[in-house]
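**Student:** Shown below is the structure under consideration.
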Amino acid sequence: MPRTPAPDPHTPHGPLPEGGSVRPITRWGADVMHRPARPVVEFDEDLRALAADMVATMYAADGVGLAACQVGVDLALFVFDCPDEDGRRHIGVVANPRVSLPEGRDRRLDDDDEGCLSYPGAFVPCARPDFAIVEGEGLDGEPVRYSGDGLLARCLQHETDHTLGTVFGDRLNKRSRKRLEKQWQDATDSYPQGWPLEGEQPTVSDRQ
Ligand code: ZN
């Protein structure tokens, strides 16, 4: 899994920041994951360094998206490197994300499996609209907008949820939530505290 992706011609705002350090991933249950994050107001070198750490951590965990709360930071920010329905790769950084979803006749639900790097080793179906648009700011405070279908639509919604203090377990019914907990317990040995700094690497590539 490459840590520094080549620039993507489809991405209007350049490649992800490089040179960050891998940080341990914060788990569900930690306070920072279950309350709305503070908005980003300063677009400075500290923010860029945080985003670089998030990118390094996302790749180390073989993820397709990661929010700041997942490295314990209370800021509305996420990074992603995720394929859409056609396998086309999209990468970006979004501060203060706002998601728009199709409504009425255009709204179709996709109930593919979903997982979370902060609840590693567990996947269950989670119904979400199959297309999403996210708008926010890039690392220099410039407006950014990303949209897409497939896993990308799921990822953009999942990561925006994180900035609002919502984890996808909150969106599941009791039965699915139980299945998820069981899988997570069975996978505990593969994801020791401190992961992905140490321990076994996961083998599935659609974690968010
Ligand atoms: Zn997540």
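Labels used: A, B, ... for chains in the order of the structure tokens, numbers from 1 for residues in each chain, and numbers from 1 for ligands as shown.
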Where does DSSP see strand (DSSP E or B) in range 39-158 of chain A, if you list the residues as a count of residues only?

**Tutor:** 45

**Student:** Could you report the residues within 12 Å of ligand 1, using only C-alpha atoms and all ligand atoms, as number ranges by chain?

**Tutor:** A: 25-28, 33-34, 58, 61, 63-71, 78-80, 114-123, 154-170, 206-208

**Student:** How many Å lie between CA of Ser147 in chain A and CA of Pro129 in chain A, rounded to one decimal?

**Tutor:** 12.3 Å

**Student:** What are the nearest atom pairs, with distances in Å to one decimal, for all residues of range 115-184 of chain A that come at most 6 Å from range 96-101 of chain A, using only C-alpha atoms, set out by chain and rising residue number as CSV?

**Tutor:**
```
residue,atom,partner,partner_atom,distance
A:Ala132,CA,A:Leu101,CA,5.1
A:Ile133,CA,A:Ser100,CA,5.1
A:Val134,CA,A:Val99,CA,4.4
A:Glu135,CA,A:Arg98,CA,5.3
A:Gly136,CA,A:Pro97,CA,4.6
```

**Student:** Restricted to N, CA and C atoms, what would the selected residues look like written as a short mmCIF file (atom, residue, chain, number, x, y, z; two decimals), in the first residue's frame?

**Tutor:**
```cif
data_model
loop_
_atom_site.label_atom_id
_atom_site.label_comp_id
_atom_site.auth_asym_id
_atom_site.auth_seq_id
_atom_site.Cartn_x
_atom_site.Cartn_y
_atom_site.Cartn_z
N ALA A 132 -23.37 11.29 -3.13
CA ALA A 132 -23.22 12.35 -2.13
C ALA A 132 -22.34 13.48 -2.67
N ILE A 133 -22.64 14.68 -2.21
CA ILE A 133 -21.80 15.85 -2.51
C ILE A 133 -21.33 16.40 -1.17
N VAL A 134 -20.03 16.70 -1.08
CA VAL A 134 -19.51 17.34 0.13
C VAL A 134 -18.85 18.64 -0.26
N GLU A 135 -19.20 19.71 0.46
CA GLU A 135 -18.55 21.00 0.25
C GLU A 135 -17.91 21.44 1.56
N GLY A 136 -16.83 22.17 1.45
CA GLY A 136 -16.14 22.66 2.63
C GLY A 136 -14.95 23.49 2.20
#
```

**Student:** Looking only at the backbone, which of the residues in chain A does DSSP tag as helix (DSSP H, G or I), as JSON, numbers by chain?

**Tutor:** {"A": [31, 32, 33, 45, 46, 47, 48, 49, 50, 51, 52, 53, 54, 55, 56, 57, 58, 59, 60, 68, 69, 70, 71, 104, 105, 106, 150, 151, 152, 153, 154, 155, 156, 157, 158, 159, 160, 161, 162, 163, 168, 169, 170, 171, 174, 175, 176, 177, 178, 179, 180, 181, 182, 183, 184, 185, 186, 188, 189, 190]}
